[in-house]
$ cat run23.cif   # mmCIF, C-alpha atoms
data_start
#
loop_
_atom_site.label_atom_id
_atom_site.label_comp_id
_atom_site.auth_asym_id
_atom_site.auth_seq_id
_atom_site.Cartn_x
_atom_site.Cartn_y
_atom_site.Cartn_z
CA MET W 1332 0.00 0.00 0.00
CA ALA W 1333 1.35 3.42 -0.97
CA GLU W 1334 2.00 5.93 1.78
CA THR W 1335 -0.40 8.91 1.76
CA LYS W 1336 1.44 12.17 1.21
CA VAL W 1337 0.58 14.91 3.68
CA SER W 1338 -0.39 18.00 1.70
CA LYS W 1339 -2.15 20.17 4.31
CA VAL W 1340 -0.71 21.25 7.65
CA GLY W 1341 -2.14 23.32 10.48
CA ILE W 1342 -1.63 24.42 14.03
CA LEU W 1343 -4.22 25.48 16.57
CA LEU W 1344 -2.92 27.50 19.48
CA VAL W 1345 -4.82 27.10 22.72
CA THR W 1346 -4.29 29.42 25.67
CA ARG W 1347 -6.08 30.62 28.77
CA ASN W 1348 -8.02 33.87 28.89
CA LYS W 1349 -7.63 36.32 31.78
CA ASP W 1350 -10.14 34.23 33.80
CA GLY W 1351 -8.10 31.06 33.28
CA LYS W 1352 -10.57 29.51 30.83
CA LEU W 1353 -9.16 27.58 27.87
CA VAL W 1354 -9.70 29.25 24.49
CA ALA W 1355 -8.70 28.29 20.97
CA VAL W 1356 -7.00 31.03 18.94
CA LEU W 1357 -8.53 31.16 15.46
CA GLN W 1358 -7.52 33.38 12.56
CA ARG W 1359 -10.25 35.34 10.78
CA ARG W 1360 -9.89 35.10 7.00
CA GLY W 1361 -9.21 38.49 5.41
CA GLN W 1362 -10.49 39.93 2.14
CA TYR W 1363 -7.20 39.51 0.27
CA ASN W 1364 -4.28 37.09 0.23
CA HIS W 1365 -0.95 38.88 0.67
CA GLU W 1366 0.94 35.71 -0.37
CA LYS W 1367 -0.81 35.58 -3.75
CA ASP W 1368 -0.33 39.14 -5.05
CA TRP W 1369 -3.35 40.40 -3.07
CA GLU W 1370 -5.88 38.23 -4.90
CA PRO W 1371 -9.32 38.05 -3.27
CA LYS W 1372 -9.46 35.34 -0.62
CA SER W 1373 -12.14 32.68 -0.69
CA PHE W 1374 -14.70 32.70 2.14
CA PRO W 1375 -13.55 36.07 3.61
CA GLY W 1376 -14.69 36.66 7.18
CA GLY W 1377 -14.71 32.95 7.97
CA CYS W 1378 -12.35 31.50 10.54
CA GLN W 1379 -9.54 28.98 10.25
CA LEU W 1380 -6.93 27.42 12.49
CA THR W 1381 -4.30 29.74 13.95
CA ALA W 1382 -2.04 28.94 10.97
CA SER W 1383 -2.42 26.49 8.11
CA GLY W 1384 -1.30 25.81 4.59
CA GLY W 1385 0.18 23.26 2.27
CA THR W 1386 3.44 21.38 1.90
CA ASN W 1387 5.90 22.14 -0.88
CA GLU W 1388 7.52 19.41 -2.97
CA GLY W 1389 9.94 17.43 -0.80
CA GLU W 1390 8.99 19.29 2.39
CA SER W 1391 8.23 17.36 5.58
CA PRO W 1392 4.93 18.08 7.38
CA VAL W 1393 6.79 19.54 10.38
CA GLY W 1394 8.97 21.69 8.11
CA ALA W 1395 5.88 22.93 6.25
CA LEU W 1396 4.16 23.68 9.55
CA PHE W 1397 7.01 25.83 10.83
CA ARG W 1398 7.23 27.62 7.46
CA GLU W 1399 3.48 28.37 7.59
CA ILE W 1400 3.81 29.62 11.17
CA ILE W 1401 6.55 32.04 10.13
CA GLU W 1402 4.64 33.17 7.02
CA GLU W 1403 1.31 33.67 8.76
CA LEU W 1404 2.25 34.59 12.33
CA GLY W 1405 5.82 35.90 12.12
CA ASP W 1406 9.21 34.64 13.18
CA ARG W 1407 8.95 35.89 16.78
CA ILE W 1408 6.04 33.52 17.49
CA SER W 1409 7.88 30.59 15.87
CA VAL W 1410 10.74 31.05 18.33
CA SER W 1411 8.31 31.22 21.27
CA MET W 1412 6.51 28.12 20.10
CA SER W 1413 9.73 26.24 19.40
CA PHE W 1414 10.71 26.86 23.01
CA SER W 1415 7.27 25.72 24.17
CA TYR W 1416 7.45 22.65 21.96
CA PHE W 1417 10.74 21.53 23.41
CA GLN W 1418 9.44 22.21 26.91
CA ARG W 1419 6.80 19.53 26.21
CA LYS W 1420 3.92 21.97 25.87
CA HIS W 1421 2.92 20.12 22.72
CA ILE W 1422 -0.53 18.71 23.43
CA CYS W 1423 -1.80 16.56 20.58
CA GLY W 1424 -1.02 15.65 17.04
CA ASP W 1425 -3.08 14.16 14.27
CA ALA W 1426 -1.96 12.90 10.89
CA THR W 1427 -5.03 11.71 9.04
CA GLY W 1428 -4.96 11.13 5.33
CA GLU W 1429 -3.46 14.16 3.66
CA LYS W 1430 -3.65 16.44 6.72
CA PHE W 1431 -1.25 16.96 9.62
CA THR W 1432 -2.63 19.17 12.39
CA ILE W 1433 -1.41 19.80 15.90
CA ALA W 1434 -2.79 21.75 18.84
CA MET W 1435 -0.46 23.39 21.28
CA LEU W 1436 -1.11 24.93 24.68
CA VAL W 1437 0.86 28.17 24.95
CA PRO W 1438 1.07 30.86 27.63
CA ARG W 1439 -1.17 33.88 26.88
CA LYS W 1440 1.87 36.17 26.75
CA THR W 1441 3.09 34.18 23.71
CA LEU W 1442 0.21 35.65 21.68
CA GLY W 1443 1.90 39.05 21.94
CA ASP W 1444 4.59 37.72 19.61
CA ILE W 1445 2.12 37.09 16.77
CA ARG W 1446 2.42 39.46 13.81
CA TRP W 1447 -0.98 39.38 12.09
CA HIS W 1448 -0.72 40.27 8.41
CA PRO W 1449 -2.93 42.96 6.86
CA SER W 1450 -4.59 40.22 4.80
CA THR W 1451 -6.10 38.59 7.91
CA GLY W 1452 -9.06 39.66 9.94
CA GLY W 1453 -7.09 39.10 13.14
CA PRO W 1454 -7.62 36.67 16.00
CA VAL W 1455 -10.87 35.16 17.26
CA PHE W 1456 -11.02 33.38 20.62
CA VAL W 1457 -13.39 30.43 21.12
CA ASP W 1458 -14.04 28.47 24.29
CA ALA W 1459 -15.45 24.93 24.48
CA LYS W 1460 -19.05 26.11 24.92
CA ALA W 1461 -18.92 28.25 21.78
CA VAL W 1462 -17.69 25.42 19.53
CA SER W 1463 -21.22 24.05 19.10
CA GLU W 1464 -22.30 27.46 17.76
CA ILE W 1465 -19.67 27.55 15.00
CA LYS W 1466 -21.40 27.61 11.61
CA ASN W 1467 -20.40 25.60 8.54
CA LEU W 1468 -18.35 27.87 6.28
CA LEU W 1469 -19.54 25.90 3.25
CA ASP W 1470 -23.05 27.30 3.86
CA PHE W 1471 -21.72 30.77 2.93
CA ASP W 1472 -20.94 32.18 -0.49
CA LYS W 1473 -17.31 31.60 -1.47
CA VAL W 1474 -16.88 35.18 -2.76
CA THR W 1475 -18.79 37.27 -0.19
CA GLY W 1476 -18.05 34.95 2.75
CA VAL W 1477 -19.17 35.84 6.26
CA THR W 1478 -20.21 39.49 6.42
CA ASP W 1479 -21.38 39.54 10.05
CA SER W 1480 -18.37 39.62 12.39
CA ARG W 1481 -20.48 38.16 15.21
CA ILE W 1482 -20.72 34.88 13.28
CA ILE W 1483 -17.95 32.33 13.59
CA ALA W 1484 -17.91 29.94 10.64
CA MET W 1485 -15.29 27.30 9.83
CA PHE W 1486 -14.83 24.33 7.55
CA PRO W 1487 -16.23 21.25 9.35
CA ASP W 1488 -12.88 19.44 9.64
CA GLU W 1489 -11.25 22.47 11.26
CA LYS W 1490 -14.19 22.88 13.66
CA GLU W 1491 -13.60 19.27 14.70
CA VAL W 1492 -9.93 20.05 15.40
CA VAL W 1493 -11.02 22.91 17.69
CA ARG W 1494 -13.54 20.68 19.50
CA LYS W 1495 -11.01 17.88 19.99
CA ALA W 1496 -8.23 20.20 21.14
CA LEU W 1497 -10.38 21.88 23.79
CA GLU W 1498 -11.63 18.47 24.92
CA ILE W 1499 -8.16 16.92 25.14
CA ILE W 1500 -6.53 19.77 27.03
CA TRP W 1501 -7.53 19.44 30.65
CA GLU W 1502 -7.15 21.72 33.63
#
$ encode --input "run23.cif" --output "structure tokens"
Amino acid sequence: MAETKVSKVGILLVTRNKDGKLVAVLQRRGQYNHEKDWEPKSFPGGCQLTASGGTNEGESPVGALFREIIEELGDRISVSMSFSYFQRKHICGDATGEKFTIAMLVPRKTLGDIRWHPSTGGPVFVDAKAVSEIKNLLDFDKVTGVTDSRIIAMFPDEKEVVRKALEIIWE
């Protein structure tokens, strides 16, 4: 049987809010993609994992993940997370089919190292109770996306990652 090649990678940062409650850190999709000559982004206003993307030819899933982290969140956060990773703050990993996704518990102060690009809509914080209220992004128009900022919508597989991560990480 041929080995399935991982083509999609993602990371979900989980932290605690000021009240100590666990929250997932999502990234709101912006209107334009700065990595693709400012082309319009699909499903703008929707949410995605903290950072995600694809692997390049010959690139390992872990290498692709760190590249995506640097591209989407900046090199300061990658250093903070590398330190956390080696301090065994890594919480869970999942390699299913063509996707490799991990969730990582990080100190709240680490979020200050994130450099959000102008092509994102910034961070969105979701606790375990709010996961059930996340809408299916596929129910929205691909071009206009989510126009109400009070609505959190994600692709179903990414919503499941958020649910699992907040369930796995215990007090």
$ closest_residue --input "run23.cif" --among "W:Ser1391, W:Ser1463, W:Ser1450, W:Thr1381" --to "Val1356 (chain W)" --atoms "only C-alpha atoms"
W:Thr1381
$ resolve_selection --input "run23.cif" --expression "the PyMOL selection byres ((chain W and resi 1348-1355) around 7)" --output "list in words"
Leu1343, Leu1344, Val1345, Thr1346, Arg1347, Val1356, Leu1357, Phe1456, Val1457, Asp1458 and Val1493 of chain W
$ atom_distance --input "run23.cif" --atom1 "CA of Ile1499 (chain W)" --atom2 "CA of Asp1406 (chain W)"
27.5 Å
$ closest_residue --input "run23.cif" --among "W:Asn1387, W:Glu1399, W:Gly1405, W:Leu1497" --to "Lys1460 (chain W)" --atoms "only C-alpha atoms"
W:Leu1497
$ atom_distance --input "run23.cif" --atom1 "CA of Gly1389 (chain W)" --atom2 "CA of Glu1489 (chain W)"
24.9 Å
$ atom_distance --input "run23.cif" --atom1 "CA of Thr1441 (chain W)" --atom2 "CA of Cys1378 (chain W)"
20.5 Å
$ resolve_selection --input "run23.cif" --expression "the PyMOL selection byres ((chain W and resi 1480) around 12)" --output "PyMOL selection string"
chain W and resi 1359-1361+1375-1378+1452-1455+1476-1479+1481-1484
$ write_last_selection --input "run23.cif" --atoms "C-alpha atoms" --output "tab-separated table (two decimals), keeping the file's coordinate frame"
chain	number	residue	atom	x	y	z
W	1359	ARG	CA	-10.25	35.34	10.78
W	1360	ARG	CA	-9.89	35.10	7.00
W	1361	GLY	CA	-9.21	38.49	5.41
W	1375	PRO	CA	-13.55	36.07	3.61
W	1376	GLY	CA	-14.69	36.66	7.18
W	1377	GLY	CA	-14.71	32.95	7.97
W	1378	CYS	CA	-12.35	31.50	10.54
W	1452	GLY	CA	-9.06	39.66	9.94
W	1453	GLY	CA	-7.09	39.10	13.14
W	1454	PRO	CA	-7.62	36.67	16.00
W	1455	VAL	CA	-10.87	35.16	17.26
W	1476	GLY	CA	-18.05	34.95	2.75
W	1477	VAL	CA	-19.17	35.84	6.26
W	1478	THR	CA	-20.21	39.49	6.42
W	1479	ASP	CA	-21.38	39.54	10.05
W	1481	ARG	CA	-20.48	38.16	15.21
W	1482	ILE	CA	-20.72	34.88	13.28
W	1483	ILE	CA	-17.95	32.33	13.59
W	1484	ALA	CA	-17.91	29.94	10.64
$ closest_residue --input "run23.cif" --among "W:Leu1469, W:Val1492, W:Ile1408, W:Ala1461" --to "Asp1444 (chain W)" --atoms "only C-alpha atoms"
W:Ile1408
